[in-house]
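Structure first, commentary second.
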Amino acid sequence: MTLATKAVNAKPLAGAGPDIKGMVDDWARFSEDEGKLTRVFLSPEHKACTESVVAAMEAAGMTARIDAVGNVVGRYEGATPDAKTLITGSHIDTVRDAGAYDGNLGVALPIACIADLNARGKRLPFAVEIIAFGDEEGVRFPTTLSGSRSIAGSFDPAALDVQDAEGTSLAEALRHFGCDPDGIAGEARNSDEVLAFVEVHIEQGPVLEAEALPVGTVTAINGASRFALTLEGMAGHAGTVPMRLRKDALAGAAEMILAIEERGRTDEGLVATVGRIEAAPGAVNVIPGRVGFTLDIRAPQDGQREAAIADLDKRCAEIAERRGLTLSMERLYDEGAVACDAALMDQLDAAIARQGLRPLRLPSGAGHDAMALGALCPIAMLFVRCGGGISHNPLESITAEDAEAAAQVFLDFLEHLDPDSLAR
Ligand code: HGY
Ligand code: MN
Ligand code: MN
């Protein structure tokens with residue numbers, strides 16, 4: 001077979017897996033930590049990564065810009081100037097000591113799809129925007145989804161005043177990054193001009209691996225709430241204060257954490273996590289007088305999650321009362337469960353089947369930018385298998401073969417998507 005016929009007959013994106021995986025692996029070098037990946041919102045590492053994303057988008061034939069809230073917005077025009085827009089993308093910020101593919105794969109993979117369309121000189125009956133959101137993990141500031149909420153028009157300007165651990169406000173950090181917080185409201189998309197938001201993301205769970213499938217269609221995204229709990233007791237001498245007279249904030253926190261774990265085990269699908277704890281003053285011979293810890297609680301049904309929160313509110317108050325501690329429980333974040341659009345799920349399943357794969361539907365226990373975009377337009381997600389279902393861990397992994405298979409499914413989805421089938 002001559003190269004020419006090979007080129008004519010080659011399946012789109014054949015052999016693209018290593019390049020897609022390689023793009024994400026390359027972005028992993030933008031980290032605040034030597035030897036591990038930590039890239040928080042509006043950091044120098046985030047800035048460096050946005051520059052690399054812009055370059056990749058432009059090389060793929062897109063225009064690209066940094067918007068008022070630090071998102072990278074790449075655009076590939078449709079066949080006609082009045083065409084609506086399909087938005088895709090994911091986040092490029094990470095948790096601490098993260099895996100490389102959470103979020104980032106959902107930016108690199110669509111870029112490869114657009115590059116293929118562009119190489120063929122093909123335009124779709126809609127424009128495609130790929131957005132690299134900067135704040136999905138919510139690691140730096142006690143708020144999150146700033147980027148996707150801005151696009152959806154649900155960004156709360158009060159969030160501009162929240163501060164990071166160094167006391168830098170979100171507004172100051174945006175200005176330092178080169179953004180204009182006053183322009184955020186203007187980033188909101190007009191829902192009449194947006195067809196849908198479809199996000200490609202690693203599964204971060206074990207189902208696709210157990211089913212021996214490279215991709216799956218997401219049905220819904222669990223709702224999530226985050227809290228900061230603060231316990232005030234009485235610092236004291238570890239050697240002189242009898243146990244019965246103590247107001248030990250850390251022992252109180254420990255009892256609450258076990259109560260949280262026990263409550264999380266009671267409902268099918270409910271999960272409750274204490275991810276961070278600080279005890280003060282933090283000396284080996286001082287009874288901790290003050291403890292702060294976080295609570296992350298999620299469920300497929302919002303009522304289930306709120307019932308668990310109400311139970312824990314009561315339980316923790318009872319523990320604090322009995323131990324002579326004062327407790328404050330501040331709700332930092334709330335996103336209700338979001339269902340994926342039925343027509344979009346069918347179109348993803350059809351693309352999966354056309355690519356010779358078995359369609360499978362599965363829920364998302366993890367939160368995503370798609371939750372915020374659900375306020376703007378119909379949403380859907382394509383999950384990609386990750387090794388051992390491991391995520392939020394440097395052991396997170398994907399294969400180039402799965403990246404290629406997922407890209408071929410996503411490109412097939414784009415090329416067969418009929419905008420009128422999504423008419424709302
Ligand atoms: O917490 C989450 O589910 C997401 O990774 N931010
Ligand atoms: Mn994550
Ligand atoms: Mn993610």
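Ordering of the structure tokens sets the chain letters (A, B, ...), residue numbers begin anew at 1 in every chain, and ligands are numbered from 1 in the order given.
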Which protein, DNA or RNA residues have an atom within 6 Å of ligand 1, counting only C-alpha atoms and all ligand atoms, as a list in words? Glu136, Glu137, Ala366, Gly367 and His368 of chain A
Residue selection dump (all heavy atoms) as an mmCIF file, in the first residue's frame:
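Final file, result-v3.cif:
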```cif
data_model
loop_
_atom_site.group_PDB
_atom_site.id
_atom_site.type_symbol
_atom_site.label_atom_id
_atom_site.label_comp_id
_atom_site.auth_asym_id
_atom_site.auth_seq_id
_atom_site.Cartn_x
_atom_site.Cartn_y
_atom_site.Cartn_z
ATOM 1 N N GLU A 136 -10.682 23.997 39.152
ATOM 2 C CA GLU A 136 -11.701 22.955 39.402
ATOM 3 C C GLU A 136 -11.432 22.274 40.738
ATOM 4 O O GLU A 136 -12.354 21.871 41.457
ATOM 5 C CB GLU A 136 -11.653 21.929 38.267
ATOM 6 C CG GLU A 136 -12.828 20.981 38.231
ATOM 7 C CD GLU A 136 -12.635 19.783 39.148
ATOM 8 O OE1 GLU A 136 -11.490 19.510 39.550
ATOM 9 O OE2 GLU A 136 -13.629 19.145 39.503
ATOM 10 N N GLU A 137 -10.153 22.169 41.097
ATOM 11 C CA GLU A 137 -9.861 21.426 42.333
ATOM 12 C C GLU A 137 -10.129 22.265 43.584
ATOM 13 O O GLU A 137 -10.352 21.714 44.671
ATOM 14 C CB GLU A 137 -8.397 20.967 42.318
ATOM 15 C CG GLU A 137 -8.069 20.023 41.180
ATOM 16 C CD GLU A 137 -8.737 18.661 41.304
ATOM 17 O OE1 GLU A 137 -9.523 18.454 42.229
ATOM 18 O OE2 GLU A 137 -8.489 17.809 40.444
ATOM 19 N N ALA A 366 -16.894 11.609 41.228
ATOM 20 C CA ALA A 366 -16.046 12.807 41.290
ATOM 21 C C ALA A 366 -16.815 14.003 40.740
ATOM 22 O O ALA A 366 -17.706 13.856 39.899
ATOM 23 C CB ALA A 366 -14.778 12.597 40.467
ATOM 24 N N GLY A 367 -16.442 15.186 41.213
ATOM 25 C CA GLY A 367 -17.027 16.422 40.683
ATOM 26 C C GLY A 367 -16.252 16.870 39.461
ATOM 27 O O GLY A 367 -15.103 16.460 39.257
ATOM 28 N N HIS A 368 -16.886 17.671 38.628
ATOM 29 C CA HIS A 368 -16.247 18.143 37.399
ATOM 30 C C HIS A 368 -16.776 19.523 37.040
ATOM 31 O O HIS A 368 -17.853 19.935 37.498
ATOM 32 C CB HIS A 368 -16.549 17.182 36.243
ATOM 33 C CG HIS A 368 -16.108 15.778 36.516
ATOM 34 N ND1 HIS A 368 -14.788 15.387 36.430
ATOM 35 C CD2 HIS A 368 -16.813 14.680 36.888
ATOM 36 C CE1 HIS A 368 -14.710 14.109 36.746
ATOM 37 N NE2 HIS A 368 -15.914 13.653 37.045
#
```
As a quick test: using only C-alpha atoms and all ligand atoms, which residues lie no more than 7 Å away from ligand 2? Give them as a list in words.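 Every residue with an atom at most 7 Å from ligand 2 is listed here: Thr94, Val95, Asp102, Gly103, Glu137 and His392 of chain A.
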Export of the given selection (all heavy atoms) as a tab-separated table (two decimals), in the first residue's frame:
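Final output, saved to out-v3.tsv:
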```tsv
chain	number	residue	atom	x	y	z
A	94	THR	N	-4.44	21.24	39.46
A	94	THR	CA	-4.35	19.88	40.00
A	94	THR	C	-4.48	19.91	41.52
A	94	THR	O	-4.37	20.97	42.15
A	94	THR	CB	-2.97	19.23	39.67
A	94	THR	OG1	-1.97	19.81	40.51
A	94	THR	CG2	-2.61	19.40	38.21
A	95	VAL	N	-4.67	18.75	42.10
A	95	VAL	CA	-4.57	18.62	43.57
A	95	VAL	C	-3.07	18.60	43.91
A	95	VAL	O	-2.22	18.73	43.03
A	95	VAL	CB	-5.29	17.35	44.07
A	95	VAL	CG1	-6.78	17.45	43.86
A	95	VAL	CG2	-4.71	16.10	43.45
A	102	ASP	N	-5.88	13.74	35.38
A	102	ASP	CA	-7.11	14.33	35.93
A	102	ASP	C	-7.27	15.74	35.35
A	102	ASP	O	-6.40	16.58	35.53
A	102	ASP	CB	-6.96	14.37	37.46
A	102	ASP	CG	-8.13	15.06	38.13
A	102	ASP	OD1	-9.10	15.46	37.45
A	102	ASP	OD2	-8.07	15.20	39.37
A	103	GLY	N	-8.32	15.94	34.58
A	103	GLY	CA	-8.54	17.25	33.95
A	103	GLY	C	-7.76	17.40	32.66
A	103	GLY	O	-8.34	17.50	31.57
A	137	GLU	N	-10.15	22.17	41.10
A	137	GLU	CA	-9.86	21.43	42.33
A	137	GLU	C	-10.13	22.26	43.58
A	137	GLU	O	-10.35	21.71	44.67
A	137	GLU	CB	-8.40	20.97	42.32
A	137	GLU	CG	-8.07	20.02	41.18
A	137	GLU	CD	-8.74	18.66	41.30
A	137	GLU	OE1	-9.52	18.45	42.23
A	137	GLU	OE2	-8.49	17.81	40.44
A	392	HIS	N	-6.00	11.32	41.89
A	392	HIS	CA	-5.58	12.17	43.02
A	392	HIS	C	-4.41	11.50	43.73
A	392	HIS	O	-4.31	11.48	44.95
A	392	HIS	CB	-6.74	12.45	44.00
A	392	HIS	CG	-7.71	13.45	43.47
A	392	HIS	ND1	-8.70	14.04	44.21
A	392	HIS	CD2	-7.84	13.98	42.25
A	392	HIS	CE1	-9.38	14.90	43.49
A	392	HIS	NE2	-8.90	14.87	42.28
```
Can you build me a table of chain A residues sitting at most 12 Å from ligand 3, with the closest atom pair per residue and its distance in Å to one decimal, using only C-alpha atoms and all ligand atoms, sorted by chain and residue number, as JSON lines?
```
{"residue": "A:Gly89", "atom": "CA", "partner": "ligand 3", "partner_atom_place_in_ligand_line": "1 (Mn)", "distance": 10.9}
{"residue": "A:Ser90", "atom": "CA", "partner": "ligand 3", "partner_atom_place_in_ligand_line": "1 (Mn)", "distance": 7.3}
{"residue": "A:His91", "atom": "CA", "partner": "ligand 3", "partner_atom_place_in_ligand_line": "1 (Mn)", "distance": 6.5}
{"residue": "A:Ile92", "atom": "CA", "partner": "ligand 3", "partner_atom_place_in_ligand_line": "1 (Mn)", "distance": 8.6}
{"residue": "A:Asp93", "atom": "CA", "partner": "ligand 3", "partner_atom_place_in_ligand_line": "1 (Mn)", "distance": 8.7}
{"residue": "A:Thr94", "atom": "CA", "partner": "ligand 3", "partner_atom_place_in_ligand_line": "1 (Mn)", "distance": 7.9}
{"residue": "A:Val95", "atom": "CA", "partner": "ligand 3", "partner_atom_place_in_ligand_line": "1 (Mn)", "distance": 9.1}
{"residue": "A:Ala98", "atom": "CA", "partner": "ligand 3", "partner_atom_place_in_ligand_line": "1 (Mn)", "distance": 10.5}
{"residue": "A:Gly99", "atom": "CA", "partner": "ligand 3", "partner_atom_place_in_ligand_line": "1 (Mn)", "distance": 10.1}
{"residue": "A:Ala100", "atom": "CA", "partner": "ligand 3", "partner_atom_place_in_ligand_line": "1 (Mn)", "distance": 10.3}
{"residue": "A:Tyr101", "atom": "CA", "partner": "ligand 3", "partner_atom_place_in_ligand_line": "1 (Mn)", "distance": 8.4}
{"residue": "A:Asp102", "atom": "CA", "partner": "ligand 3", "partner_atom_place_in_ligand_line": "1 (Mn)", "distance": 4.6}
{"residue": "A:Gly103", "atom": "CA", "partner": "ligand 3", "partner_atom_place_in_ligand_line": "1 (Mn)", "distance": 4.4}
{"residue": "A:Asn104", "atom": "CA", "partner": "ligand 3", "partner_atom_place_in_ligand_line": "1 (Mn)", "distance": 8.1}
{"residue": "A:Leu105", "atom": "CA", "partner": "ligand 3", "partner_atom_place_in_ligand_line": "1 (Mn)", "distance": 9.4}
{"residue": "A:Gly106", "atom": "CA", "partner": "ligand 3", "partner_atom_place_in_ligand_line": "1 (Mn)", "distance": 8.9}
{"residue": "A:Val107", "atom": "CA", "partner": "ligand 3", "partner_atom_place_in_ligand_line": "1 (Mn)", "distance": 11.2}
{"residue": "A:Ala132", "atom": "CA", "partner": "ligand 3", "partner_atom_place_in_ligand_line": "1 (Mn)", "distance": 11.5}
{"residue": "A:Phe133", "atom": "CA", "partner": "ligand 3", "partner_atom_place_in_ligand_line": "1 (Mn)", "distance": 10.3}
{"residue": "A:Gly134", "atom": "CA", "partner": "ligand 3", "partner_atom_place_in_ligand_line": "1 (Mn)", "distance": 11.1}
{"residue": "A:Asp135", "atom": "CA", "partner": "ligand 3", "partner_atom_place_in_ligand_line": "1 (Mn)", "distance": 10.1}
{"residue": "A:Glu136", "atom": "CA", "partner": "ligand 3", "partner_atom_place_in_ligand_line": "1 (Mn)", "distance": 6.9}
{"residue": "A:Glu137", "atom": "CA", "partner": "ligand 3", "partner_atom_place_in_ligand_line": "1 (Mn)", "distance": 7.1}
{"residue": "A:Gly138", "atom": "CA", "partner": "ligand 3", "partner_atom_place_in_ligand_line": "1 (Mn)", "distance": 10.8}
{"residue": "A:Thr144", "atom": "CA", "partner": "ligand 3", "partner_atom_place_in_ligand_line": "1 (Mn)", "distance": 11.9}
{"residue": "A:Leu145", "atom": "CA", "partner": "ligand 3", "partner_atom_place_in_ligand_line": "1 (Mn)", "distance": 10.9}
{"residue": "A:Glu199", "atom": "CA", "partner": "ligand 3", "partner_atom_place_in_ligand_line": "1 (Mn)", "distance": 10.2}
{"residue": "A:Val200", "atom": "CA", "partner": "ligand 3", "partner_atom_place_in_ligand_line": "1 (Mn)", "distance": 9.8}
{"residue": "A:His201", "atom": "CA", "partner": "ligand 3", "partner_atom_place_in_ligand_line": "1 (Mn)", "distance": 6.8}
{"residue": "A:Ile202", "atom": "CA", "partner": "ligand 3", "partner_atom_place_in_ligand_line": "1 (Mn)", "distance": 7.7}
{"residue": "A:Glu203", "atom": "CA", "partner": "ligand 3", "partner_atom_place_in_ligand_line": "1 (Mn)", "distance": 9.1}
{"residue": "A:Gln204", "atom": "CA", "partner": "ligand 3", "partner_atom_place_in_ligand_line": "1 (Mn)", "distance": 8.3}
{"residue": "A:Gly205", "atom": "CA", "partner": "ligand 3", "partner_atom_place_in_ligand_line": "1 (Mn)", "distance": 11.8}
{"residue": "A:Ile221", "atom": "CA", "partner": "ligand 3", "partner_atom_place_in_ligand_line": "1 (Mn)", "distance": 11.8}
{"residue": "A:Ser364", "atom": "CA", "partner": "ligand 3", "partner_atom_place_in_ligand_line": "1 (Mn)", "distance": 10.7}
{"residue": "A:Gly365", "atom": "CA", "partner": "ligand 3", "partner_atom_place_in_ligand_line": "1 (Mn)", "distance": 10.9}
{"residue": "A:Ala366", "atom": "CA", "partner": "ligand 3", "partner_atom_place_in_ligand_line": "1 (Mn)", "distance": 7.3}
{"residue": "A:Gly367", "atom": "CA", "partner": "ligand 3", "partner_atom_place_in_ligand_line": "1 (Mn)", "distance": 6.9}
{"residue": "A:His368", "atom": "CA", "partner": "ligand 3", "partner_atom_place_in_ligand_line": "1 (Mn)", "distance": 5.6}
{"residue": "A:Asp369", "atom": "CA", "partner": "ligand 3", "partner_atom_place_in_ligand_line": "1 (Mn)", "distance": 7.8}
{"residue": "A:Ala370", "atom": "CA", "partner": "ligand 3", "partner_atom_place_in_ligand_line": "1 (Mn)", "distance": 10.0}
{"residue": "A:Met371", "atom": "CA", "partner": "ligand 3", "partner_atom_place_in_ligand_line": "1 (Mn)", "distance": 11.3}
{"residue": "A:Met381", "atom": "CA", "partner": "ligand 3", "partner_atom_place_in_ligand_line": "1 (Mn)", "distance": 11.7}
{"residue": "A:Phe383", "atom": "CA", "partner": "ligand 3", "partner_atom_place_in_ligand_line": "1 (Mn)", "distance": 11.0}
{"residue": "A:Val384", "atom": "CA", "partner": "ligand 3", "partner_atom_place_in_ligand_line": "1 (Mn)", "distance": 11.9}
{"residue": "A:Ser391", "atom": "CA", "partner": "ligand 3", "partner_atom_place_in_ligand_line": "1 (Mn)", "distance": 9.1}
{"residue": "A:His392", "atom": "CA", "partner": "ligand 3", "partner_atom_place_in_ligand_line": "1 (Mn)", "distance": 8.8}
{"residue": "A:Glu396", "atom": "CA", "partner": "ligand 3", "partner_atom_place_in_ligand_line": "1 (Mn)", "distance": 11.9}
```
Quick one: distance from atom CA of A:Leu109 to atom CA of A:Gly186 in Å, one decimal? 27.7 Å
Please return, as a PyMOL selection string, all residues of stretch 160-408 of chain A that DSSP assigns to helix (DSSP H, G or I) on the basis of the backbone. chain A and resi 160-161+170-177+181-183+185-187+191-193+207-210+243-245+249-264+302-323+342-354+369-373+387-389+400-408
Tell me, as an MDAnalysis selection string, which residues lie within 8 Å of A:Tyr76, counting only C-alpha atoms; anything in the same chain fewer than 5 positions away does not count. chainID A and resid 61:63 114 127:129
Could you write out that same residue set with N, CA and C atoms as a short mmCIF file (atom, residue, chain, number, x, y, z; two decimals), in the first residue's frame?
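See selection39.cif below for the written result:
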```cif
data_model
loop_
_atom_site.label_atom_id
_atom_site.label_comp_id
_atom_site.auth_asym_id
_atom_site.auth_seq_id
_atom_site.Cartn_x
_atom_site.Cartn_y
_atom_site.Cartn_z
N GLY A 61 -4.82 24.85 14.74
CA GLY A 61 -5.67 25.63 13.84
C GLY A 61 -6.76 26.42 14.55
N MET A 62 -6.59 26.60 15.88
CA MET A 62 -7.60 27.33 16.66
C MET A 62 -7.09 28.74 16.98
N THR A 63 -8.01 29.63 17.33
CA THR A 63 -7.59 30.87 17.99
C THR A 63 -7.63 30.57 19.49
N ILE A 114 -9.39 18.40 17.05
CA ILE A 114 -9.50 19.60 16.20
C ILE A 114 -8.34 19.66 15.21
N ALA A 127 -19.41 25.66 15.84
CA ALA A 127 -18.05 25.99 16.28
C ALA A 127 -17.73 25.11 17.48
N VAL A 128 -16.45 24.90 17.72
CA VAL A 128 -16.02 24.13 18.91
C VAL A 128 -15.13 25.03 19.75
N GLU A 129 -15.47 25.15 21.02
CA GLU A 129 -14.57 25.83 21.96
C GLU A 129 -14.00 24.79 22.91
#
```
